[in-house]
>>> print(open('run09.pdb').read())   # PDB, C-alpha atoms
ATOM      1  CA  GLU D  13       0.000   0.000   0.000  1.00  0.00           C
ATOM      2  CA  PRO D  14       1.412   3.435  -0.884  1.00  0.00           C
ATOM      3  CA  GLU D  15       2.544   5.531   2.048  1.00  0.00           C
ATOM      4  CA  VAL D  16       3.914   8.937   2.876  1.00  0.00           C
ATOM      5  CA  THR D  17       7.568   8.851   3.853  1.00  0.00           C
ATOM      6  CA  GLN D  18       9.605  11.407   5.766  1.00  0.00           C
ATOM      7  CA  THR D  19      13.314  11.926   6.310  1.00  0.00           C
ATOM      8  CA  PRO D  20      15.119  12.175   8.581  1.00  0.00           C
ATOM      9  CA  SER D  21      13.249  10.458  11.404  1.00  0.00           C
ATOM     10  CA  HIS D  22      15.200  12.497  13.950  1.00  0.00           C
ATOM     11  CA  GLN D  23      17.198  15.686  13.631  1.00  0.00           C
ATOM     12  CA  VAL D  24      19.173  17.600  16.213  1.00  0.00           C
ATOM     13  CA  THR D  25      20.310  21.114  15.376  1.00  0.00           C
ATOM     14  CA  GLN D  26      21.723  24.201  17.023  1.00  0.00           C
ATOM     15  CA  MET D  27      19.583  27.282  17.507  1.00  0.00           C
ATOM     16  CA  GLY D  28      19.902  29.617  14.546  1.00  0.00           C
ATOM     17  CA  GLN D  29      20.702  26.872  12.063  1.00  0.00           C
ATOM     18  CA  GLU D  30      18.633  26.103   9.001  1.00  0.00           C
ATOM     19  CA  VAL D  31      16.905  22.749   8.710  1.00  0.00           C
ATOM     20  CA  ILE D  32      15.111  21.088   5.826  1.00  0.00           C
ATOM     21  CA  LEU D  33      12.590  18.367   6.513  1.00  0.00           C
ATOM     22  CA  ARG D  34      11.742  16.129   3.603  1.00  0.00           C
ATOM     23  CA  CYS D  35       8.601  14.312   2.661  1.00  0.00           C
ATOM     24  CA  VAL D  36       7.609  12.104  -0.241  1.00  0.00           C
ATOM     25  CA  PRO D  37       3.809  12.198  -0.568  1.00  0.00           C
ATOM     26  CA  ILE D  38       1.812   9.448  -2.225  1.00  0.00           C
ATOM     27  CA  SER D  39       2.384   9.729  -5.946  1.00  0.00           C
ATOM     28  CA  ASN D  40      -1.085  10.587  -7.273  1.00  0.00           C
ATOM     29  CA  HIS D  41      -1.949  13.003  -4.472  1.00  0.00           C
ATOM     30  CA  LEU D  42      -2.486  16.679  -5.206  1.00  0.00           C
ATOM     31  CA  TYR D  43      -2.747  18.352  -1.809  1.00  0.00           C
ATOM     32  CA  PHE D  44       0.125  18.457   0.666  1.00  0.00           C
ATOM     33  CA  TYR D  45       0.292  19.534   4.291  1.00  0.00           C
ATOM     34  CA  TRP D  46       2.669  20.077   7.158  1.00  0.00           C
ATOM     35  CA  TYR D  47       1.601  19.782  10.780  1.00  0.00           C
ATOM     36  CA  ARG D  48       3.593  19.869  13.958  1.00  0.00           C
ATOM     37  CA  GLN D  49       3.166  18.554  17.476  1.00  0.00           C
ATOM     38  CA  ILE D  50       5.084  20.078  20.319  1.00  0.00           C
ATOM     39  CA  LEU D  51       5.603  17.476  23.032  1.00  0.00           C
ATOM     40  CA  GLY D  52       2.460  17.086  25.098  1.00  0.00           C
ATOM     41  CA  GLN D  53       0.434  19.477  22.957  1.00  0.00           C
ATOM     42  CA  LYS D  54      -2.029  19.272  20.099  1.00  0.00           C
ATOM     43  CA  VAL D  55      -1.173  18.469  16.512  1.00  0.00           C
ATOM     44  CA  GLU D  56      -1.237  21.889  14.818  1.00  0.00           C
ATOM     45  CA  PHE D  57      -1.712  22.762  11.169  1.00  0.00           C
ATOM     46  CA  LEU D  58       1.137  24.704   9.583  1.00  0.00           C
ATOM     47  CA  VAL D  59       0.514  24.942   5.856  1.00  0.00           C
ATOM     48  CA  SER D  60      -1.258  23.433   2.885  1.00  0.00           C
ATOM     49  CA  PHE D  61       0.128  23.351  -0.649  1.00  0.00           C
ATOM     50  CA  TYR D  62      -1.631  22.826  -3.935  1.00  0.00           C
ATOM     51  CA  ASN D  63      -0.760  23.446  -7.552  1.00  0.00           C
ATOM     52  CA  ASN D  64       2.752  24.533  -6.617  1.00  0.00           C
ATOM     53  CA  GLU D  65       1.742  27.244  -4.236  1.00  0.00           C
ATOM     54  CA  ILE D  66       0.693  27.738  -0.635  1.00  0.00           C
ATOM     55  CA  SER D  67      -3.082  27.545  -0.382  1.00  0.00           C
ATOM     56  CA  GLU D  68      -3.463  28.151   3.328  1.00  0.00           C
ATOM     57  CA  LYS D  69      -1.172  28.778   6.272  1.00  0.00           C
ATOM     58  CA  SER D  70      -1.522  29.210   9.999  1.00  0.00           C
ATOM     59  CA  GLU D  71      -0.228  31.977  12.240  1.00  0.00           C
ATOM     60  CA  ILE D  72       2.637  29.681  13.214  1.00  0.00           C
ATOM     61  CA  PHE D  73       3.900  29.623   9.623  1.00  0.00           C
ATOM     62  CA  ASP D  74       5.814  32.898   9.668  1.00  0.00           C
ATOM     63  CA  ASP D  75       8.673  34.150   7.495  1.00  0.00           C
ATOM     64  CA  GLN D  76      11.051  31.638   9.050  1.00  0.00           C
ATOM     65  CA  PHE D  77       9.187  28.819   7.368  1.00  0.00           C
ATOM     66  CA  SER D  78       8.953  27.935   3.710  1.00  0.00           C
ATOM     67  CA  VAL D  79       7.766  24.983   1.676  1.00  0.00           C
ATOM     68  CA  GLU D  80       8.747  23.743  -1.710  1.00  0.00           C
ATOM     69  CA  ARG D  81       8.014  20.973  -4.119  1.00  0.00           C
ATOM     70  CA  PRO D  82      11.317  20.969  -5.961  1.00  0.00           C
ATOM     71  CA  ASP D  83      10.513  18.031  -8.208  1.00  0.00           C
ATOM     72  CA  GLY D  84       7.642  15.695  -8.887  1.00  0.00           C
ATOM     73  CA  SER D  85       8.038  13.695  -5.730  1.00  0.00           C
ATOM     74  CA  ASN D  86       9.514  15.622  -2.800  1.00  0.00           C
ATOM     75  CA  PHE D  87       7.797  18.161  -0.557  1.00  0.00           C
ATOM     76  CA  THR D  88      10.057  20.036   1.839  1.00  0.00           C
ATOM     77  CA  LEU D  89       9.666  22.244   4.875  1.00  0.00           C
ATOM     78  CA  LYS D  90      12.508  24.647   5.572  1.00  0.00           C
ATOM     79  CA  ILE D  91      13.048  26.488   8.805  1.00  0.00           C
ATOM     80  CA  ARG D  92      15.578  29.245   8.139  1.00  0.00           C
ATOM     81  CA  SER D  93      16.806  30.049  11.626  1.00  0.00           C
ATOM     82  CA  THR D  94      15.618  27.546  14.173  1.00  0.00           C
ATOM     83  CA  LYS D  95      14.484  28.542  17.639  1.00  0.00           C
ATOM     84  CA  LEU D  96      14.247  26.425  20.765  1.00  0.00           C
ATOM     85  CA  GLU D  97      10.459  26.512  20.470  1.00  0.00           C
ATOM     86  CA  ASP D  98      10.625  24.869  17.026  1.00  0.00           C
ATOM     87  CA  SER D  99      11.440  21.596  18.760  1.00  0.00           C
ATOM     88  CA  ALA D 100       8.551  19.325  17.845  1.00  0.00           C
ATOM     89  CA  MET D 101       7.413  16.364  15.794  1.00  0.00           C
ATOM     90  CA  TYR D 102       6.691  17.478  12.233  1.00  0.00           C
ATOM     91  CA  PHE D 103       4.199  15.500  10.181  1.00  0.00           C
ATOM     92  CA  CYS D 104       3.701  15.616   6.443  1.00  0.00           C
ATOM     93  CA  ALA D 105       0.359  14.585   4.947  1.00  0.00           C
ATOM     94  CA  SER D 106      -1.185  14.319   1.508  1.00  0.00           C
ATOM     95  CA  ASN D 107      -4.490  13.522  -0.128  1.00  0.00           C
ATOM     96  CA  PRO D 108      -5.768  13.149  -3.676  1.00  0.00           C
ATOM     97  CA  GLY D 109      -8.652  15.590  -3.200  1.00  0.00           C
ATOM     98  CA  LEU D 110      -9.964  18.006  -0.590  1.00  0.00           C
ATOM     99  CA  SER D 111     -12.740  15.688   0.505  1.00  0.00           C
ATOM    100  CA  GLU D 112     -10.463  12.650   0.637  1.00  0.00           C
ATOM    101  CA  THR D 113      -8.642  11.149   3.601  1.00  0.00           C
ATOM    102  CA  GLN D 114      -5.323  12.706   4.519  1.00  0.00           C
ATOM    103  CA  TYR D 115      -2.495  10.196   4.809  1.00  0.00           C
ATOM    104  CA  PHE D 116       0.236  11.029   7.266  1.00  0.00           C
ATOM    105  CA  GLY D 117       3.910  10.213   7.315  1.00  0.00           C
ATOM    106  CA  PRO D 118       5.672   8.855  10.423  1.00  0.00           C
ATOM    107  CA  GLY D 119       7.030  12.274  11.344  1.00  0.00           C
ATOM    108  CA  THR D 120      10.413  13.918  11.895  1.00  0.00           C
ATOM    109  CA  ARG D 121      11.359  14.658  15.470  1.00  0.00           C
ATOM    110  CA  LEU D 122      13.272  17.942  15.523  1.00  0.00           C
ATOM    111  CA  LEU D 123      15.263  18.967  18.559  1.00  0.00           C
ATOM    112  CA  VAL D 124      16.735  22.466  18.665  1.00  0.00           C
ATOM    113  CA  LEU D 125      19.497  22.980  21.229  1.00  0.00           C
TER     114      LEU D 125
ATOM    115  CA  GLY C  14     -12.180  29.489  14.897  1.00  0.00           C
ATOM    116  CA  ASP C  15     -12.713  25.761  14.779  1.00  0.00           C
ATOM    117  CA  SER C  16     -11.641  23.715  17.767  1.00  0.00           C
ATOM    118  CA  VAL C  17     -11.746  20.165  19.108  1.00  0.00           C
ATOM    119  CA  THR C  18     -11.748  19.134  22.747  1.00  0.00           C
ATOM    120  CA  GLN C  19     -10.973  15.607  23.899  1.00  0.00           C
ATOM    121  CA  MET C  20     -11.397  14.099  27.296  1.00  0.00           C
ATOM    122  CA  GLU C  21      -8.453  14.307  29.617  1.00  0.00           C
ATOM    123  CA  GLY C  22      -6.105  11.363  29.581  1.00  0.00           C
ATOM    124  CA  PRO C  23      -4.339   9.087  29.960  1.00  0.00           C
ATOM    125  CA  VAL C  24      -6.834   6.242  30.020  1.00  0.00           C
ATOM    126  CA  THR C  25      -5.828   2.887  31.466  1.00  0.00           C
ATOM    127  CA  LEU C  26      -8.058  -0.159  31.015  1.00  0.00           C
ATOM    128  CA  SER C  27      -7.943  -3.884  31.422  1.00  0.00           C
ATOM    129  CA  GLU C  28      -8.307  -6.093  28.367  1.00  0.00           C
ATOM    130  CA  GLU C  29     -11.948  -6.613  27.313  1.00  0.00           C
ATOM    131  CA  ALA C  30     -13.113  -3.458  29.083  1.00  0.00           C
ATOM    132  CA  PHE C  31     -15.425  -0.946  27.411  1.00  0.00           C
ATOM    133  CA  LEU C  32     -13.801   2.182  26.023  1.00  0.00           C
ATOM    134  CA  THR C  33     -15.208   5.666  25.586  1.00  0.00           C
ATOM    135  CA  ILE C  34     -13.121   8.665  24.616  1.00  0.00           C
ATOM    136  CA  ASN C  35     -15.152  11.854  24.517  1.00  0.00           C
ATOM    137  CA  CYS C  36     -14.736  14.421  21.770  1.00  0.00           C
ATOM    138  CA  THR C  37     -16.650  17.650  21.257  1.00  0.00           C
ATOM    139  CA  TYR C  38     -16.116  20.292  18.640  1.00  0.00           C
ATOM    140  CA  THR C  39     -16.821  23.894  17.717  1.00  0.00           C
ATOM    141  CA  ALA C  40     -17.054  24.722  14.042  1.00  0.00           C
ATOM    142  CA  THR C  41     -18.883  26.838  11.542  1.00  0.00           C
ATOM    143  CA  GLY C  42     -20.846  25.017   8.911  1.00  0.00           C
ATOM    144  CA  TYR C  43     -20.860  21.252   8.695  1.00  0.00           C
ATOM    145  CA  PRO C  44     -17.405  19.814   9.246  1.00  0.00           C
ATOM    146  CA  SER C  45     -16.286  16.270   8.609  1.00  0.00           C
ATOM    147  CA  LEU C  46     -15.124  14.436  11.719  1.00  0.00           C
ATOM    148  CA  PHE C  47     -12.306  11.957  12.143  1.00  0.00           C
ATOM    149  CA  TRP C  48     -10.557   9.739  14.629  1.00  0.00           C
ATOM    150  CA  TYR C  49      -6.873   9.155  13.990  1.00  0.00           C
ATOM    151  CA  VAL C  50      -4.691   6.699  15.908  1.00  0.00           C
ATOM    152  CA  GLN C  51      -0.953   6.837  16.489  1.00  0.00           C
ATOM    153  CA  TYR C  52       0.790   3.638  17.501  1.00  0.00           C
ATOM    154  CA  PRO C  53       4.205   3.905  19.145  1.00  0.00           C
ATOM    155  CA  GLY C  54       6.852   5.010  16.670  1.00  0.00           C
ATOM    156  CA  GLU C  55       4.392   5.428  13.816  1.00  0.00           C
ATOM    157  CA  GLY C  56       2.521   8.226  12.077  1.00  0.00           C
ATOM    158  CA  LEU C  57      -1.121   9.140  12.349  1.00  0.00           C
ATOM    159  CA  GLN C  58      -3.491   6.628  10.768  1.00  0.00           C
ATOM    160  CA  LEU C  59      -7.121   7.239   9.999  1.00  0.00           C
ATOM    161  CA  LEU C  60      -9.263   5.054  12.243  1.00  0.00           C
ATOM    162  CA  LEU C  61     -12.733   6.161  11.163  1.00  0.00           C
ATOM    163  CA  LYS C  62     -14.639   9.143   9.863  1.00  0.00           C
ATOM    164  CA  ALA C  63     -18.112  10.622   9.435  1.00  0.00           C
ATOM    165  CA  THR C  64     -19.000  13.362   7.004  1.00  0.00           C
ATOM    166  CA  LYS C  65     -22.523  14.351   7.992  1.00  0.00           C
ATOM    167  CA  ALA C  66     -24.858  14.422  10.964  1.00  0.00           C
ATOM    168  CA  ASP C  67     -25.996  11.026  12.309  1.00  0.00           C
ATOM    169  CA  ASP C  68     -23.373   9.178  10.255  1.00  0.00           C
ATOM    170  CA  LYS C  69     -21.631   6.402  12.161  1.00  0.00           C
ATOM    171  CA  GLY C  70     -18.027   5.653  11.376  1.00  0.00           C
ATOM    172  CA  SER C  71     -16.671   2.248  12.298  1.00  0.00           C
ATOM    173  CA  ASN C  72     -13.465   0.275  11.927  1.00  0.00           C
ATOM    174  CA  LYS C  73     -11.673  -2.500  13.833  1.00  0.00           C
ATOM    175  CA  GLY C  74     -14.487  -2.633  16.406  1.00  0.00           C
ATOM    176  CA  PHE C  75     -14.348   1.105  17.080  1.00  0.00           C
ATOM    177  CA  GLU C  76     -17.390   3.286  16.453  1.00  0.00           C
ATOM    178  CA  ALA C  77     -18.259   6.972  16.609  1.00  0.00           C
ATOM    179  CA  THR C  78     -21.477   8.776  15.705  1.00  0.00           C
ATOM    180  CA  TYR C  79     -21.609  12.340  14.418  1.00  0.00           C
ATOM    181  CA  ARG C  80     -24.014  14.125  16.764  1.00  0.00           C
ATOM    182  CA  LYS C  81     -24.755  17.602  15.494  1.00  0.00           C
ATOM    183  CA  GLU C  82     -27.142  18.449  18.331  1.00  0.00           C
ATOM    184  CA  THR C  83     -24.450  17.868  20.957  1.00  0.00           C
ATOM    185  CA  THR C  84     -21.491  18.697  18.661  1.00  0.00           C
ATOM    186  CA  SER C  85     -19.865  15.447  19.672  1.00  0.00           C
ATOM    187  CA  PHE C  86     -18.075  12.497  18.097  1.00  0.00           C
ATOM    188  CA  HIS C  87     -17.286  10.124  20.956  1.00  0.00           C
ATOM    189  CA  LEU C  88     -15.152   7.074  20.250  1.00  0.00           C
ATOM    190  CA  GLU C  89     -16.310   3.719  21.634  1.00  0.00           C
ATOM    191  CA  LYS C  90     -15.186   0.122  21.602  1.00  0.00           C
ATOM    192  CA  GLY C  91     -16.963  -2.694  23.359  1.00  0.00           C
ATOM    193  CA  SER C  92     -13.921  -4.790  24.257  1.00  0.00           C
ATOM    194  CA  VAL C  93     -10.421  -3.373  24.052  1.00  0.00           C
ATOM    195  CA  GLN C  94      -7.266  -5.376  23.418  1.00  0.00           C
ATOM    196  CA  VAL C  95      -3.672  -4.809  24.443  1.00  0.00           C
ATOM    197  CA  SER C  96      -2.931  -4.017  20.797  1.00  0.00           C
ATOM    198  CA  ASP C  97      -5.279  -1.001  20.995  1.00  0.00           C
ATOM    199  CA  SER C  98      -2.780   0.791  23.207  1.00  0.00           C
ATOM    200  CA  ALA C  99      -2.004   3.995  21.313  1.00  0.00           C
ATOM    201  CA  VAL C 100      -2.735   7.708  21.187  1.00  0.00           C
ATOM    202  CA  TYR C 101      -6.137   8.633  19.779  1.00  0.00           C
ATOM    203  CA  PHE C 102      -6.822  11.984  18.134  1.00  0.00           C
ATOM    204  CA  CYS C 103     -10.186  13.466  17.309  1.00  0.00           C
ATOM    205  CA  ALA C 104     -10.108  15.907  14.388  1.00  0.00           C
ATOM    206  CA  LEU C 105     -12.347  17.942  12.152  1.00  0.00           C
ATOM    207  CA  ARG C 106     -12.045  19.215   8.643  1.00  0.00           C
ATOM    208  CA  THR C 107     -13.672  22.538   7.956  1.00  0.00           C
ATOM    209  CA  ALA C 108     -16.308  22.443   5.266  1.00  0.00           C
ATOM    210  CA  GLY C 109     -15.772  24.545   2.162  1.00  0.00           C
ATOM    211  CA  GLY C 110     -15.068  28.271   2.166  1.00  0.00           C
ATOM    212  CA  THR C 111     -11.390  29.143   1.977  1.00  0.00           C
ATOM    213  CA  SER C 112     -10.278  25.983   3.699  1.00  0.00           C
ATOM    214  CA  TYR C 113      -8.008  23.708   1.726  1.00  0.00           C
ATOM    215  CA  GLY C 114      -8.735  20.674   3.807  1.00  0.00           C
ATOM    216  CA  LYS C 115      -6.726  21.441   6.916  1.00  0.00           C
ATOM    217  CA  LEU C 116      -7.437  19.288   9.936  1.00  0.00           C
ATOM    218  CA  THR C 117      -7.975  20.697  13.411  1.00  0.00           C
ATOM    219  CA  PHE C 118      -6.983  18.219  16.110  1.00  0.00           C
ATOM    220  CA  GLY C 119      -7.817  17.608  19.716  1.00  0.00           C
ATOM    221  CA  GLN C 120      -5.025  17.158  22.213  1.00  0.00           C
ATOM    222  CA  GLY C 121      -4.914  13.378  21.928  1.00  0.00           C
ATOM    223  CA  THR C 122      -5.760  10.720  24.485  1.00  0.00           C
ATOM    224  CA  ILE C 123      -3.222   8.099  25.506  1.00  0.00           C
ATOM    225  CA  LEU C 124      -4.838   4.694  25.915  1.00  0.00           C
ATOM    226  CA  THR C 125      -3.025   1.888  27.717  1.00  0.00           C
ATOM    227  CA  VAL C 126      -4.620  -1.549  27.876  1.00  0.00           C
ATOM    228  CA  HIS C 127      -3.263  -4.090  30.359  1.00  0.00           C
ATOM    229  CA  PRO C 128      -3.636  -7.873  29.977  1.00  0.00           C
TER     230      PRO C 128
END
>>> encode(input="run09.pdb", output="structure tokens")
Amino acid sequence: EPEVTQTPSHQVTQMGQEVILRCVPISNHLYFYWYRQILGQKVEFLVSFYNNEISEKSEIFDDQFSVERPDGSNFTLKIRSTKLEDSAMYFCASNPGLSETQYFGPGTRLLVL
Amino acid sequence: GDSVTQMEGPVTLSEEAFLTINCTYTATGYPSLFWYVQYPGEGLQLLLKATKADDKGSNKGFEATYRKETTSFHLEKGSVQVSDSAVYFCALRTAGGTSYGKLTFGQGTILTVHP
């Protein structure tokens, strides 16, 4: 069964460094999402992406964040200058249509020191 | 804005016990409702869903009914197993408008089932 994959599974970085989290959505899906979960808190929506542009973003998704679909398969989340409070589990998700089920990847655990 | 509230956890049960995890929501319009499950070390998996009032979603012995009058979507299972130990998330998807399908999640409920 097709699945969403994410790399790396864990990343440790120093405050102020740039990180890129990578996701490979399911191949025929059209809508892509990033969510995050700070330890012990809710899963929060960050951004949705469709037709090669951001379609919706939350207040969390400020100028430090960016997303890109550099080729036909990858979907990346970049954090330009990480802060301690960016430490969280980041989930990628995709679906073939807006009314369809979103499929989630296993997540990347980011730790900012 | 839209929000989802789940019952406080964690929940600890013995095998074969009855499970209820409460979920209530606040939303404009008519959202779709979901339960996702996260097993240790894995991503979020859709457990069940309901897209309109009075719909019942069911899967793997779990059930939840979309109750518009009480804005609730409580998760139930008649007899839990050790393998059901996981984190359960209630979520809604805003209907139409400018939403591009984002999910709004509750805080998650940790379920531990003992033999």
>>> axis_aligned_box(input="run09.pdb", around="segment 81-84 of chain C", padding_each_side="6 Å", output="AutoDock Vina command-line options")
--center_x -24.3 --center_y 18.1 --center_z 18.2 --size_x 17.7 --size_y 13.1 --size_z 17.5
>>> closest_atom_pairs(input="run09.pdb", of="chain D", to="chain C", cutoff="6 Å", atoms="only C-alpha atoms", output="Markdown table")
| residue | atom | partner | partner_atom | distance |
| --- | --- | --- | --- | --- |
| D:Gln53 | CA | C:Gln120 | CA | 6.0 |
| D:Lys54 | CA | C:Gln120 | CA | 4.2 |
| D:Val55 | CA | C:Phe118 | CA | 5.8 |
| D:Leu110 | CA | C:Gly114 | CA | 5.3 |
| D:Phe116 | CA | C:Leu57 | CA | 5.6 |
| D:Gly117 | CA | C:Gly56 | CA | 5.3 |
| D:Pro118 | CA | C:Gly56 | CA | 3.6 |
>>> resolve_selection(input="run09.pdb", expression="the PyMOL selection byres ((chain D and resi 13) around 10)", output="list in words")
Pro14, Glu15 and Ile38 of chain D
>>> closest_residue(input="run09.pdb", among="D:Leu122, D:Ser67, D:Cys104, D:Thr113", to="Leu46 of chain C", atoms="all atoms listed in the file")
D:Thr113
>>> residues_around(input="run09.pdb", residues="segment 85-91 of chain C", least_positions_apart="2", cutoff="7 Å", atoms="all atoms listed in the file", output="MDAnalysis selection string")
chainID C and resid 30:38 74:81 83 93
>>> atom_distance(input="run09.pdb", atom1="atom CA of Gly42 of chain C", atom2="atom CA of Asp67 of chain C")
15.3 Å
>>> resolve_selection(input="run09.pdb", expression="the PyMOL selection byres ((chain D and resi 42) around 6)", output="list of chain:residue names")
D:His41, D:Tyr43, D:Pro108
